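*Asks:* Pasting input_6.pdb here (PDB, C-alpha atoms):
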```
MODEL        1
ATOM      1  CA  MET A   1      37.305 -13.163 -17.521  1.00  0.00           C
ATOM      2  CA  ILE A   2      33.789 -13.294 -16.051  1.00  0.00           C
ATOM      3  CA  LEU A   3      32.978  -9.855 -17.407  1.00  0.00           C
ATOM      4  CA  ALA A   4      34.352 -10.744 -20.820  1.00  0.00           C
ATOM      5  CA  GLN A   5      32.512 -14.086 -21.020  1.00  0.00           C
ATOM      6  CA  ALA A   6      29.098 -12.847 -19.918  1.00  0.00           C
ATOM      7  CA  GLY A   7      29.439  -9.581 -21.788  1.00  0.00           C
ATOM      8  CA  SER A   8      30.349 -11.285 -25.047  1.00  0.00           C
ATOM      9  CA  ALA A   9      27.434 -13.719 -24.721  1.00  0.00           C
ATOM     10  CA  PHE A  10      24.859 -10.995 -24.200  1.00  0.00           C
ATOM     11  CA  ASP A  11      26.441  -8.734 -26.810  1.00  0.00           C
ATOM     12  CA  GLN A  12      25.110 -11.262 -29.324  1.00  0.00           C
ATOM     13  CA  LEU A  13      21.551 -10.612 -28.141  1.00  0.00           C
ATOM     14  CA  ALA A  14      21.632  -6.865 -27.562  1.00  0.00           C
ATOM     15  CA  GLU A  15      20.108  -5.745 -30.862  1.00  0.00           C
ATOM     16  CA  ARG A  16      17.402  -8.452 -30.756  1.00  0.00           C
ATOM     17  CA  TYR A  17      16.712  -8.643 -27.034  1.00  0.00           C
ATOM     18  CA  ASP A  18      13.663  -6.396 -26.926  1.00  0.00           C
ATOM     19  CA  HIS A  19      12.141  -8.050 -29.972  1.00  0.00           C
ATOM     20  CA  LEU A  20      12.724 -11.520 -28.534  1.00  0.00           C
ATOM     21  CA  TRP A  21      11.657 -10.736 -24.982  1.00  0.00           C
ATOM     22  CA  SER A  22      10.609  -7.240 -23.860  1.00  0.00           C
ATOM     23  CA  GLU A  23       8.203  -6.595 -26.748  1.00  0.00           C
ATOM     24  CA  SER A  24       6.749 -10.120 -26.860  1.00  0.00           C
ATOM     25  CA  ALA A  25       3.362 -10.855 -25.278  1.00  0.00           C
ATOM     26  CA  ILE A  26       5.012 -13.178 -22.750  1.00  0.00           C
ATOM     27  CA  GLY A  27       7.762 -10.711 -21.923  1.00  0.00           C
ATOM     28  CA  ARG A  28       5.323  -7.840 -21.442  1.00  0.00           C
ATOM     29  CA  GLN A  29       3.135  -9.837 -19.085  1.00  0.00           C
ATOM     30  CA  GLN A  30       6.003 -11.208 -17.001  1.00  0.00           C
ATOM     31  CA  ARG A  31       7.618  -7.782 -16.740  1.00  0.00           C
ATOM     32  CA  ALA A  32       4.297  -6.167 -15.794  1.00  0.00           C
ATOM     33  CA  ALA A  33       3.976  -8.740 -13.001  1.00  0.00           C
ATOM     34  CA  VAL A  34       7.363  -7.659 -11.648  1.00  0.00           C
ATOM     35  CA  TRP A  35       6.487  -3.966 -11.894  1.00  0.00           C
ATOM     36  CA  ARG A  36       3.275  -4.461  -9.908  1.00  0.00           C
ATOM     37  CA  ARG A  37       5.348  -5.787  -7.011  1.00  0.00           C
ATOM     38  CA  ILE A  38       8.305  -3.376  -7.116  1.00  0.00           C
ATOM     39  CA  ASP A  39       6.506  -0.080  -7.842  1.00  0.00           C
ATOM     40  CA  PRO A  40       5.302   0.331  -4.215  1.00  0.00           C
ATOM     41  CA  LEU A  41       8.883  -0.090  -2.945  1.00  0.00           C
ATOM     42  CA  PHE A  42      10.280   3.099  -4.482  1.00  0.00           C
ATOM     43  CA  GLN A  43       9.096   6.692  -4.299  1.00  0.00           C
ATOM     44  CA  THR A  44       9.606   9.794  -6.408  1.00  0.00           C
ATOM     45  CA  GLY A  45      13.083  11.158  -5.773  1.00  0.00           C
ATOM     46  CA  ASP A  46      14.613   7.809  -4.846  1.00  0.00           C
ATOM     47  CA  ARG A  47      17.776   6.601  -6.552  1.00  0.00           C
ATOM     48  CA  VAL A  48      17.851   2.931  -7.529  1.00  0.00           C
ATOM     49  CA  LEU A  49      20.638   0.684  -8.804  1.00  0.00           C
ATOM     50  CA  ASP A  50      19.696  -1.636 -11.686  1.00  0.00           C
ATOM     51  CA  VAL A  51      22.053  -4.637 -11.724  1.00  0.00           C
ATOM     52  CA  GLY A  52      22.060  -6.215 -15.174  1.00  0.00           C
ATOM     53  CA  CYS A  53      20.079  -3.346 -16.673  1.00  0.00           C
ATOM     54  CA  GLY A  54      20.127  -4.786 -20.191  1.00  0.00           C
ATOM     55  CA  THR A  55      18.561  -2.413 -22.710  1.00  0.00           C
ATOM     56  CA  GLY A  56      17.142  -0.177 -19.975  1.00  0.00           C
ATOM     57  CA  VAL A  57      13.456  -1.167 -20.046  1.00  0.00           C
ATOM     58  CA  ASP A  58      13.084  -1.315 -16.254  1.00  0.00           C
ATOM     59  CA  ALA A  59      15.118   1.856 -15.787  1.00  0.00           C
ATOM     60  CA  LEU A  60      12.840   3.753 -18.159  1.00  0.00           C
ATOM     61  CA  HIS A  61       9.761   2.491 -16.312  1.00  0.00           C
ATOM     62  CA  LEU A  62      11.118   3.684 -12.972  1.00  0.00           C
ATOM     63  CA  ARG A  63      12.265   6.980 -14.436  1.00  0.00           C
ATOM     64  CA  GLU A  64       8.698   7.691 -15.633  1.00  0.00           C
ATOM     65  CA  ARG A  65       7.719   7.559 -11.960  1.00  0.00           C
ATOM     66  CA  GLY A  66      10.316  10.170 -11.014  1.00  0.00           C
ATOM     67  CA  ILE A  67      12.908   7.683  -9.752  1.00  0.00           C
ATOM     68  CA  GLY A  68      16.576   8.081 -10.613  1.00  0.00           C
ATOM     69  CA  VAL A  69      18.249   4.931 -11.914  1.00  0.00           C
ATOM     70  CA  CYS A  70      21.883   3.942 -12.357  1.00  0.00           C
ATOM     71  CA  GLY A  71      22.261   0.788 -14.410  1.00  0.00           C
ATOM     72  CA  ILE A  72      25.186  -1.576 -14.806  1.00  0.00           C
ATOM     73  CA  ASP A  73      25.608  -4.455 -17.237  1.00  0.00           C
ATOM     74  CA  ALA A  74      28.393  -6.794 -18.332  1.00  0.00           C
ATOM     75  CA  SER A  75      27.451  -6.322 -21.997  1.00  0.00           C
ATOM     76  CA  LYS A  76      28.894  -3.294 -23.766  1.00  0.00           C
ATOM     77  CA  LYS A  77      26.244  -3.493 -26.454  1.00  0.00           C
ATOM     78  CA  MET A  78      23.397  -3.708 -23.953  1.00  0.00           C
ATOM     79  CA  VAL A  79      24.808  -0.633 -22.231  1.00  0.00           C
ATOM     80  CA  ARG A  80      25.044   1.134 -25.577  1.00  0.00           C
ATOM     81  CA  VAL A  81      21.355   0.485 -26.285  1.00  0.00           C
ATOM     82  CA  ALA A  82      20.349   1.647 -22.799  1.00  0.00           C
ATOM     83  CA  ARG A  83      22.371   4.843 -23.143  1.00  0.00           C
ATOM     84  CA  SER A  84      20.800   5.558 -26.532  1.00  0.00           C
ATOM     85  CA  ARG A  85      17.482   5.704 -24.666  1.00  0.00           C
ATOM     86  CA  GLY A  86      18.797   8.183 -22.135  1.00  0.00           C
ATOM     87  CA  VAL A  87      19.482   5.692 -19.352  1.00  0.00           C
ATOM     88  CA  GLU A  88      22.483   6.226 -17.091  1.00  0.00           C
ATOM     89  CA  ALA A  89      24.237   2.922 -17.719  1.00  0.00           C
ATOM     90  CA  HIS A  90      27.767   1.707 -17.026  1.00  0.00           C
ATOM     91  CA  HIS A  91      29.739  -1.229 -18.376  1.00  0.00           C
ATOM     92  CA  LEU A  92      30.311  -3.203 -15.177  1.00  0.00           C
ATOM     93  CA  ALA A  93      29.672  -6.825 -14.240  1.00  0.00           C
ATOM     94  CA  ALA A  94      27.676  -7.692 -11.127  1.00  0.00           C
ATOM     95  CA  GLU A  95      30.774  -9.518  -9.827  1.00  0.00           C
ATOM     96  CA  ASP A  96      32.585  -6.153  -9.862  1.00  0.00           C
ATOM     97  CA  LEU A  97      29.908  -4.254  -7.948  1.00  0.00           C
ATOM     98  CA  ARG A  98      32.446  -3.579  -5.199  1.00  0.00           C
ATOM     99  CA  LEU A  99      34.050  -1.046  -7.567  1.00  0.00           C
ATOM    100  CA  LEU A 100      30.921   1.103  -7.658  1.00  0.00           C
ATOM    101  CA  ALA A 101      30.635   4.088  -5.323  1.00  0.00           C
ATOM    102  CA  GLY A 102      27.627   5.938  -3.956  1.00  0.00           C
ATOM    103  CA  GLU A 103      24.514   5.306  -1.913  1.00  0.00           C
ATOM    104  CA  PHE A 104      21.174   4.081  -3.234  1.00  0.00           C
ATOM    105  CA  ASP A 105      17.663   3.893  -1.846  1.00  0.00           C
ATOM    106  CA  GLY A 106      17.308   0.444  -3.328  1.00  0.00           C
ATOM    107  CA  ALA A 107      18.284  -1.925  -6.101  1.00  0.00           C
ATOM    108  CA  ILE A 108      16.681  -4.234  -8.647  1.00  0.00           C
ATOM    109  CA  SER A 109      17.905  -7.058 -10.835  1.00  0.00           C
ATOM    110  CA  ASN A 110      15.371  -8.423 -13.272  1.00  0.00           C
ATOM    111  CA  PHE A 111      14.927 -11.601 -15.319  1.00  0.00           C
ATOM    112  CA  GLY A 112      17.877 -13.788 -14.544  1.00  0.00           C
ATOM    113  CA  ALA A 113      20.865 -11.466 -14.722  1.00  0.00           C
ATOM    114  CA  LEU A 114      22.001 -12.881 -11.384  1.00  0.00           C
ATOM    115  CA  ASN A 115      21.594 -16.478 -12.565  1.00  0.00           C
ATOM    116  CA  CYS A 116      24.855 -15.873 -14.455  1.00  0.00           C
ATOM    117  CA  VAL A 117      26.794 -14.494 -11.454  1.00  0.00           C
ATOM    118  CA  SER A 118      29.451 -16.847 -10.109  1.00  0.00           C
ATOM    119  CA  ASP A 119      29.674 -15.420  -6.557  1.00  0.00           C
ATOM    120  CA  LEU A 120      26.290 -14.176  -5.387  1.00  0.00           C
ATOM    121  CA  GLY A 121      27.469 -13.869  -1.804  1.00  0.00           C
ATOM    122  CA  ALA A 122      30.141 -11.321  -2.700  1.00  0.00           C
ATOM    123  CA  MET A 123      27.671  -9.422  -4.846  1.00  0.00           C
ATOM    124  CA  ALA A 124      25.144  -9.353  -1.990  1.00  0.00           C
ATOM    125  CA  ARG A 125      27.777  -7.948   0.363  1.00  0.00           C
ATOM    126  CA  ALA A 126      28.604  -5.249  -2.174  1.00  0.00           C
ATOM    127  CA  LEU A 127      24.902  -4.361  -2.354  1.00  0.00           C
ATOM    128  CA  GLY A 128      24.875  -4.131   1.423  1.00  0.00           C
ATOM    129  CA  ARG A 129      27.476  -1.384   1.189  1.00  0.00           C
ATOM    130  CA  LEU A 130      25.606   0.507  -1.533  1.00  0.00           C
ATOM    131  CA  VAL A 131      21.991   0.333  -0.321  1.00  0.00           C
ATOM    132  CA  ARG A 132      20.963   2.487   2.642  1.00  0.00           C
ATOM    133  CA  SER A 133      19.445   1.024   5.776  1.00  0.00           C
ATOM    134  CA  GLY A 134      15.756   0.379   5.197  1.00  0.00           C
ATOM    135  CA  GLY A 135      16.180   0.279   1.421  1.00  0.00           C
ATOM    136  CA  HIS A 136      14.600  -2.403  -0.737  1.00  0.00           C
ATOM    137  CA  VAL A 137      16.245  -4.858  -3.115  1.00  0.00           C
ATOM    138  CA  ALA A 138      14.145  -6.767  -5.668  1.00  0.00           C
ATOM    139  CA  VAL A 139      15.742  -9.777  -7.330  1.00  0.00           C
ATOM    140  CA  CYS A 140      14.004 -11.703 -10.127  1.00  0.00           C
ATOM    141  CA  MET A 141      15.742 -14.953 -11.065  1.00  0.00           C
ATOM    142  CA  ALA A 142      14.970 -18.194 -12.831  1.00  0.00           C
ATOM    143  CA  GLY A 143      14.253 -20.827 -10.197  1.00  0.00           C
ATOM    144  CA  PRO A 144      15.248 -24.500  -9.954  1.00  0.00           C
ATOM    145  CA  CYS A 145      11.819 -25.790 -10.993  1.00  0.00           C
ATOM    146  CA  CYS A 146       9.635 -24.468 -13.805  1.00  0.00           C
ATOM    147  CA  ALA A 147       6.520 -26.546 -14.475  1.00  0.00           C
ATOM    148  CA  TRP A 148       6.061 -25.076 -17.951  1.00  0.00           C
ATOM    149  CA  GLU A 149       9.647 -25.836 -18.959  1.00  0.00           C
ATOM    150  CA  THR A 150       9.605 -29.411 -17.702  1.00  0.00           C
ATOM    151  CA  ALA A 151       6.309 -30.194 -19.434  1.00  0.00           C
ATOM    152  CA  HIS A 152       7.297 -28.388 -22.637  1.00  0.00           C
ATOM    153  CA  TYR A 153      10.479 -30.403 -23.142  1.00  0.00           C
ATOM    154  CA  LEU A 154       9.128 -33.722 -21.842  1.00  0.00           C
ATOM    155  CA  VAL A 155       6.451 -33.657 -24.533  1.00  0.00           C
ATOM    156  CA  ARG A 156       9.227 -33.207 -27.097  1.00  0.00           C
ATOM    157  CA  GLY A 157      11.368 -35.966 -25.639  1.00  0.00           C
ATOM    158  CA  GLU A 158      14.169 -33.496 -24.746  1.00  0.00           C
ATOM    159  CA  PHE A 159      14.802 -34.885 -21.299  1.00  0.00           C
ATOM    160  CA  SER A 160      18.068 -33.095 -20.555  1.00  0.00           C
ATOM    161  CA  LYS A 161      16.388 -29.722 -21.146  1.00  0.00           C
ATOM    162  CA  ALA A 162      13.289 -30.771 -19.214  1.00  0.00           C
ATOM    163  CA  PHE A 163      15.330 -31.264 -16.044  1.00  0.00           C
ATOM    164  CA  ARG A 164      18.257 -28.874 -16.575  1.00  0.00           C
ATOM    165  CA  ARG A 165      17.188 -26.556 -13.767  1.00  0.00           C
ATOM    166  CA  TRP A 166      17.057 -29.437 -11.307  1.00  0.00           C
ATOM    167  CA  ASN A 167      20.827 -29.917 -11.465  1.00  0.00           C
ATOM    168  CA  PRO A 168      22.367 -28.322  -8.326  1.00  0.00           C
ATOM    169  CA  ARG A 169      25.484 -27.555 -10.367  1.00  0.00           C
ATOM    170  CA  GLY A 170      23.470 -25.543 -12.896  1.00  0.00           C
ATOM    171  CA  SER A 171      23.683 -25.882 -16.661  1.00  0.00           C
ATOM    172  CA  ASP A 172      25.352 -24.328 -19.693  1.00  0.00           C
ATOM    173  CA  ALA A 173      23.129 -22.019 -21.723  1.00  0.00           C
ATOM    174  CA  SER A 174      22.996 -22.079 -25.522  1.00  0.00           C
ATOM    175  CA  ILE A 175      24.739 -18.674 -25.645  1.00  0.00           C
ATOM    176  CA  GLY A 176      27.840 -20.133 -24.008  1.00  0.00           C
ATOM    177  CA  ILE A 177      27.605 -19.148 -20.338  1.00  0.00           C
ATOM    178  CA  HIS A 178      26.996 -21.154 -17.186  1.00  0.00           C
ATOM    179  CA  VAL A 179      23.651 -20.627 -15.460  1.00  0.00           C
ATOM    180  CA  ASP A 180      22.793 -21.476 -11.846  1.00  0.00           C
ATOM    181  CA  TYR A 181      19.291 -21.849 -10.411  1.00  0.00           C
ATOM    182  CA  PRO A 182      19.557 -21.157  -6.663  1.00  0.00           C
ATOM    183  CA  SER A 183      16.686 -21.894  -4.308  1.00  0.00           C
ATOM    184  CA  VAL A 184      14.928 -19.181  -2.322  1.00  0.00           C
ATOM    185  CA  ARG A 185      16.422 -20.591   0.868  1.00  0.00           C
ATOM    186  CA  ARG A 186      19.924 -20.379  -0.552  1.00  0.00           C
ATOM    187  CA  LEU A 187      19.411 -16.812  -1.750  1.00  0.00           C
ATOM    188  CA  ALA A 188      18.058 -15.734   1.632  1.00  0.00           C
ATOM    189  CA  ARG A 189      21.153 -17.233   3.248  1.00  0.00           C
ATOM    190  CA  LEU A 190      23.533 -15.486   0.827  1.00  0.00           C
ATOM    191  CA  PHE A 191      21.882 -12.103   1.464  1.00  0.00           C
ATOM    192  CA  ARG A 192      21.331 -12.459   5.214  1.00  0.00           C
ATOM    193  CA  GLN A 193      24.420 -10.506   6.326  1.00  0.00           C
ATOM    194  CA  ASP A 194      22.778  -7.210   5.331  1.00  0.00           C
ATOM    195  CA  PHE A 195      19.262  -8.061   4.130  1.00  0.00           C
ATOM    196  CA  ARG A 196      16.115  -9.824   5.267  1.00  0.00           C
ATOM    197  CA  LEU A 197      13.811 -11.558   2.820  1.00  0.00           C
ATOM    198  CA  THR A 198      10.355 -10.044   3.337  1.00  0.00           C
ATOM    199  CA  ARG A 199       8.350 -11.967   0.703  1.00  0.00           C
ATOM    200  CA  TRP A 200       8.611 -13.631  -2.666  1.00  0.00           C
ATOM    201  CA  TYR A 201       6.374 -14.339  -5.653  1.00  0.00           C
ATOM    202  CA  GLY A 202       6.247 -16.509  -8.730  1.00  0.00           C
ATOM    203  CA  ILE A 203       6.621 -14.695 -12.051  1.00  0.00           C
ATOM    204  CA  GLY A 204       5.258 -16.835 -14.848  1.00  0.00           C
ATOM    205  CA  VAL A 205       3.323 -19.594 -13.120  1.00  0.00           C
ATOM    206  CA  CYS A 206       0.715 -19.786 -15.863  1.00  0.00           C
ATOM    207  CA  VAL A 207       2.381 -17.413 -18.323  1.00  0.00           C
ATOM    208  CA  PRO A 208       4.989 -19.624 -20.032  1.00  0.00           C
ATOM    209  CA  PRO A 209       8.692 -19.055 -20.713  1.00  0.00           C
ATOM    210  CA  SER A 210       9.486 -16.975 -23.794  1.00  0.00           C
ATOM    211  CA  TYR A 211      10.441 -19.961 -25.983  1.00  0.00           C
ATOM    212  CA  VAL A 212       6.949 -21.483 -25.762  1.00  0.00           C
ATOM    213  CA  CYS A 213       5.265 -20.652 -29.071  1.00  0.00           C
ATOM    214  CA  GLY A 214       1.777 -20.991 -30.483  1.00  0.00           C
ATOM    215  CA  ILE A 215      -0.198 -19.296 -27.699  1.00  0.00           C
ATOM    216  CA  SER A 216      -2.211 -16.276 -28.821  1.00  0.00           C
ATOM    217  CA  GLU A 217      -1.778 -12.891 -27.167  1.00  0.00           C
ATOM    218  CA  THR A 218      -5.376 -13.091 -25.935  1.00  0.00           C
ATOM    219  CA  ASN A 219      -4.667 -16.370 -24.189  1.00  0.00           C
ATOM    220  CA  ILE A 220      -1.420 -15.020 -22.745  1.00  0.00           C
ATOM    221  CA  GLU A 221      -3.455 -12.185 -21.226  1.00  0.00           C
ATOM    222  CA  LYS A 222      -5.889 -14.711 -19.740  1.00  0.00           C
ATOM    223  CA  LEU A 223      -3.003 -16.702 -18.247  1.00  0.00           C
ATOM    224  CA  ALA A 224      -1.568 -13.480 -16.809  1.00  0.00           C
ATOM    225  CA  ALA A 225      -4.917 -12.750 -15.158  1.00  0.00           C
ATOM    226  CA  VAL A 226      -4.768 -16.152 -13.453  1.00  0.00           C
ATOM    227  CA  ASP A 227      -1.206 -15.438 -12.323  1.00  0.00           C
ATOM    228  CA  ARG A 228      -2.378 -12.253 -10.626  1.00  0.00           C
ATOM    229  CA  ARG A 229      -4.597 -14.400  -8.406  1.00  0.00           C
ATOM    230  CA  ILE A 230      -2.271 -17.311  -7.637  1.00  0.00           C
ATOM    231  CA  ALA A 231       1.385 -16.310  -8.121  1.00  0.00           C
ATOM    232  CA  HIS A 232       1.837 -15.473  -4.436  1.00  0.00           C
ATOM    233  CA  ARG A 233       0.578 -18.811  -3.148  1.00  0.00           C
ATOM    234  CA  PRO A 234       2.959 -21.356  -1.584  1.00  0.00           C
ATOM    235  CA  VAL A 235       3.782 -24.375  -3.757  1.00  0.00           C
ATOM    236  CA  LEU A 236       2.389 -22.716  -6.912  1.00  0.00           C
ATOM    237  CA  ARG A 237       4.870 -19.843  -6.791  1.00  0.00           C
ATOM    238  CA  ALA A 238       7.712 -22.386  -6.662  1.00  0.00           C
ATOM    239  CA  LEU A 239       6.679 -23.728 -10.082  1.00  0.00           C
ATOM    240  CA  ALA A 240       7.099 -20.396 -11.880  1.00  0.00           C
ATOM    241  CA  ASP A 241       9.486 -19.494 -14.682  1.00  0.00           C
ATOM    242  CA  HIS A 242      11.027 -16.794 -12.440  1.00  0.00           C
ATOM    243  CA  ARG A 243      10.911 -15.979  -8.762  1.00  0.00           C
ATOM    244  CA  LEU A 244      10.784 -12.410  -7.475  1.00  0.00           C
ATOM    245  CA  LEU A 245      12.422 -12.004  -4.057  1.00  0.00           C
ATOM    246  CA  LEU A 246      11.968  -8.781  -2.089  1.00  0.00           C
ATOM    247  CA  PHE A 247      14.644  -7.960   0.493  1.00  0.00           C
ATOM    248  CA  ARG A 248      14.953  -5.121   2.991  1.00  0.00           C
ATOM    249  CA  ARG A 249      18.296  -3.667   4.080  1.00  0.00           C
ATOM    250  CA  VAL A 250      18.698  -4.023   7.850  1.00  0.00           C
TER     251      VAL A 250
ENDMDL
END
```
Transcribe the structure of this file into structure tokens.
*Replies:*
Amino acid sequence: MILAQAGSAFDQLAERYDHLWSESAIGRQQRAAVWRRIDPLFQTGDRVLDVGCGTGVDALHLRERGIGVCGIDASKKMVRVARSRGVEAHHLAAEDLRLLAGEFDGAISNFGALNCVSDLGAMARALGRLVRSGGHVAVCMAGPCCAWETAHYLVRGEFSKAFRRWNPRGSDASIGIHVDYPSVRRLARLFRQDFRLTRWYGIGVCVPPSYVCGISETNIEKLAAVDRRIAHRPVLRALADHRLLLFRRV
């Protein structure tokens, strides 16, 4: 049921996802911020698992650096797009990661795929079985407080949207799936059986969420330059659109 629900929701976006996000000025800058942090974690010849691989953008980036990538996604259509680009991708939900075999040097999950996972603890334990000792796991998720989002919707008088991430029970997304916004402390606790949180960063402190319109590409680039200087700082990083957590397998 979980696979069918999430897969069906993201099937609706598969053909437009890159246009809406990956190819947008905001999407490019936020993704570049993630890449700057994860590139040093993996070396040529490594094999990395991409959980929620989407259309394969991150997999292709890693592959250009000589890293092998196996992607999984709950959306059949997302997997189809990724495969059309030459990415090794499988139709499998993160909740069913226990069904995957093999050993990996690390894993990534980018831009909120895990916000839609109902049992993150079980998924983390499955990753513990798949990732070798000493391997790195990079998880980028929407956090429970986004300054841009709150301000954006408050100005418009849309109060429920302004504070939707603050609800500890999560919220229902417009595409028909439930979304949770776990804190860094909670994520560290869920992963602690096999992983230790080494550091975390804000992704999109000054660069806004993708639905914020009317900002020129030049100004987005300027905001991204500010993020490069401040996105690691306590307090500020907690106000970002996404949070990038870096774990190490013990």
*Asks:* What would the selection look like, as a PyMOL selection string, if the PyMOL selection byres ((chain A and resi 112) around 10) were run on the coordinates I just shared?
*Replies:* chain A and resi 52+109-111+113-117+139-143+179-181+242-243
*Asks:* Give me the residues within 12 Å of Ala151 (chain A) as a PyMOL selection string, counting only C-alpha atoms and dropping any in the same chain fewer than 3 places off.
*Replies:* chain A and resi 145-148+154-159+161-163+208-209+212+239
*Asks:* Would you write out those residues with C-alpha atoms, as a compact mmCIF listing (two decimals), in the frame of the given file?
*Replies:*
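File produced: result-v3.txt:
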```
# COMPACT_ATOMS: atom_id res chain seq x y z
CA CYS A 145 11.82 -25.79 -10.99
CA CYS A 146 9.64 -24.47 -13.80
CA ALA A 147 6.52 -26.55 -14.48
CA TRP A 148 6.06 -25.08 -17.95
CA LEU A 154 9.13 -33.72 -21.84
CA VAL A 155 6.45 -33.66 -24.53
CA ARG A 156 9.23 -33.21 -27.10
CA GLY A 157 11.37 -35.97 -25.64
CA GLU A 158 14.17 -33.50 -24.75
CA PHE A 159 14.80 -34.88 -21.30
CA LYS A 161 16.39 -29.72 -21.15
CA ALA A 162 13.29 -30.77 -19.21
CA PHE A 163 15.33 -31.26 -16.04
CA PRO A 208 4.99 -19.62 -20.03
CA PRO A 209 8.69 -19.06 -20.71
CA VAL A 212 6.95 -21.48 -25.76
CA LEU A 239 6.68 -23.73 -10.08
```
*Asks:* Using all atoms listed in the file, what does the table of region 59-156 of chain A residues within 12 Å of region 32-40 of chain A look like, with each row giving the shortest atom pair and its distance in Å to one decimal, sorted by chain and ascending number, as JSON lines?
*Replies:*
```
{"residue": "A:Ala59", "atom": "CA", "partner": "A:Trp35", "partner_atom": "CA", "distance": 11.1}
{"residue": "A:Leu60", "atom": "CA", "partner": "A:Trp35", "partner_atom": "CA", "distance": 11.8}
{"residue": "A:His61", "atom": "CA", "partner": "A:Trp35", "partner_atom": "CA", "distance": 8.5}
{"residue": "A:Leu62", "atom": "CA", "partner": "A:Asp39", "partner_atom": "CA", "distance": 7.9}
{"residue": "A:Arg63", "atom": "CA", "partner": "A:Asp39", "partner_atom": "CA", "distance": 11.2}
{"residue": "A:Glu64", "atom": "CA", "partner": "A:Asp39", "partner_atom": "CA", "distance": 11.2}
{"residue": "A:Arg65", "atom": "CA", "partner": "A:Asp39", "partner_atom": "CA", "distance": 8.8}
{"residue": "A:Gly66", "atom": "CA", "partner": "A:Asp39", "partner_atom": "CA", "distance": 11.4}
{"residue": "A:Ile67", "atom": "CA", "partner": "A:Asp39", "partner_atom": "CA", "distance": 10.2}
{"residue": "A:Gly106", "atom": "CA", "partner": "A:Ile38", "partner_atom": "CA", "distance": 10.5}
{"residue": "A:Ala107", "atom": "CA", "partner": "A:Ile38", "partner_atom": "CA", "distance": 10.1}
{"residue": "A:Ile108", "atom": "CA", "partner": "A:Ile38", "partner_atom": "CA", "distance": 8.6}
{"residue": "A:Ser109", "atom": "CA", "partner": "A:Val34", "partner_atom": "CA", "distance": 10.6}
{"residue": "A:Asn110", "atom": "CA", "partner": "A:Val34", "partner_atom": "CA", "distance": 8.2}
{"residue": "A:Phe111", "atom": "CA", "partner": "A:Val34", "partner_atom": "CA", "distance": 9.3}
{"residue": "A:His136", "atom": "CA", "partner": "A:Ile38", "partner_atom": "CA", "distance": 9.0}
{"residue": "A:Val137", "atom": "CA", "partner": "A:Ile38", "partner_atom": "CA", "distance": 9.0}
{"residue": "A:Ala138", "atom": "CA", "partner": "A:Ile38", "partner_atom": "CA", "distance": 6.9}
{"residue": "A:Val139", "atom": "CA", "partner": "A:Val34", "partner_atom": "CA", "distance": 9.7}
{"residue": "A:Cys140", "atom": "CA", "partner": "A:Val34", "partner_atom": "CA", "distance": 7.9}
{"residue": "A:Met141", "atom": "CA", "partner": "A:Val34", "partner_atom": "CA", "distance": 11.1}
```
*Asks:* So that I can check the surroundings of Ser84 (chain A), please list as a list of chain:residue names every protein, DNA and RNA residue that reaches within 10 Å of it, counting only C-alpha atoms and ignoring chain neighbours fewer than 6 positions away.
*Replies:*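 Those residues are A:Thr55, A:Gly56, A:Met78.
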*Asks:* State, in Å with one decimal place, the distance from CA of His232 (chain A) to CA of Gly202 (chain A).
*Replies:*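 Atom-to-atom, CA of His232 (chain A) to CA of Gly202 (chain A), that is 6.2 Å.
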*Asks:* CA of Val250 (chain A) to CA of Leu97 (chain A): how many Å, to one decimal?
*Replies:*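 Computing the Euclidean distance for CA of Val250 (chain A) and CA of Leu97 (chain A) yields 19.4 Å.
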*Asks:* Smallest atom-to-atom distance to Val235 (chain A): which of A:Ile215, A:Leu20, A:Ala188, A:Val205, using all atoms listed in the file?
*Replies:*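 Ranked by minimum distance to Val235 (chain A), first place goes to A:Val205.
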*Asks:* Within 6 Å of (17.9, 1.2, -14.9) (coordinates as in the file), grab all the protein and nucleic acid residues, counting all atoms listed in the file, and write them out as JSON, numbers by chain.
*Replies:* {"A": [50, 53, 56, 58, 59, 69, 70, 71]}
*Asks:* Here's the selection I'm unsure about, the PyMOL selection byres ((chain A and resi 127) around 10); applied to the file above, which residues does it give, as a list in words?
*Replies:* Leu49, Val51, Ala94, Leu97, Arg98, Leu100, Glu103, Phe104, Gly106, Ala107, Gly121, Ala122, Met123, Ala124, Arg125, Ala126, Gly128, Arg129, Leu130, Val131, Arg132, Val137, Phe191, Asp194, Phe195 and Arg249 of chain A
*Asks:* Let me make sure I understand: among A:Tyr153, A:Phe42, A:Tyr211, A:Tyr201, which one has the smallest atom-to-atom distance to Arg229 (chain A) if we use all atoms listed in the file?
*Replies:*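 Under the stated criterion, the closest residue is A:Tyr201.
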*Asks:* Return the single residue from A:Ala231, A:Val57, A:Arg165, A:Ala93 that is closest to Gly27 (chain A), with distances computed using only C-alpha atoms.
*Replies:* A:Val57
*Asks:* Mind telling me what the PyMOL selection byres ((chain A and resi 77) around 8) catches here, as JSON, numbers by chain?
*Replies:* {"A": [10, 11, 14, 15, 75, 76, 78, 79, 80, 81]}
*Asks:* Please measure the separation of CA of Leu223 (chain A) and CA of Val207 (chain A), giving the value in Å to one decimal.
*Replies:*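 Pair CA of Leu223 (chain A) / CA of Val207 (chain A) returns 5.4 Å.
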*Asks:* Of the candidates A:His178, A:Gly134, A:Asp227, A:Arg185, which one gets nearest to Leu41 (chain A) if we count all atoms listed in the file?
*Replies:*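 Of A:His178, A:Gly134, A:Asp227, A:Arg185, the one nearest Leu41 (chain A) is A:Gly134, counting all atoms listed in the file.
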*Asks:* In terms of the shortest atom-to-atom distance over all atoms listed in the file, which of A:Gln193, A:Gly214, A:Ile177, A:Asn167 is closest to Phe247 (chain A)?
*Replies:*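 Smallest separation from Phe247 (chain A) among the options: A:Gln193.
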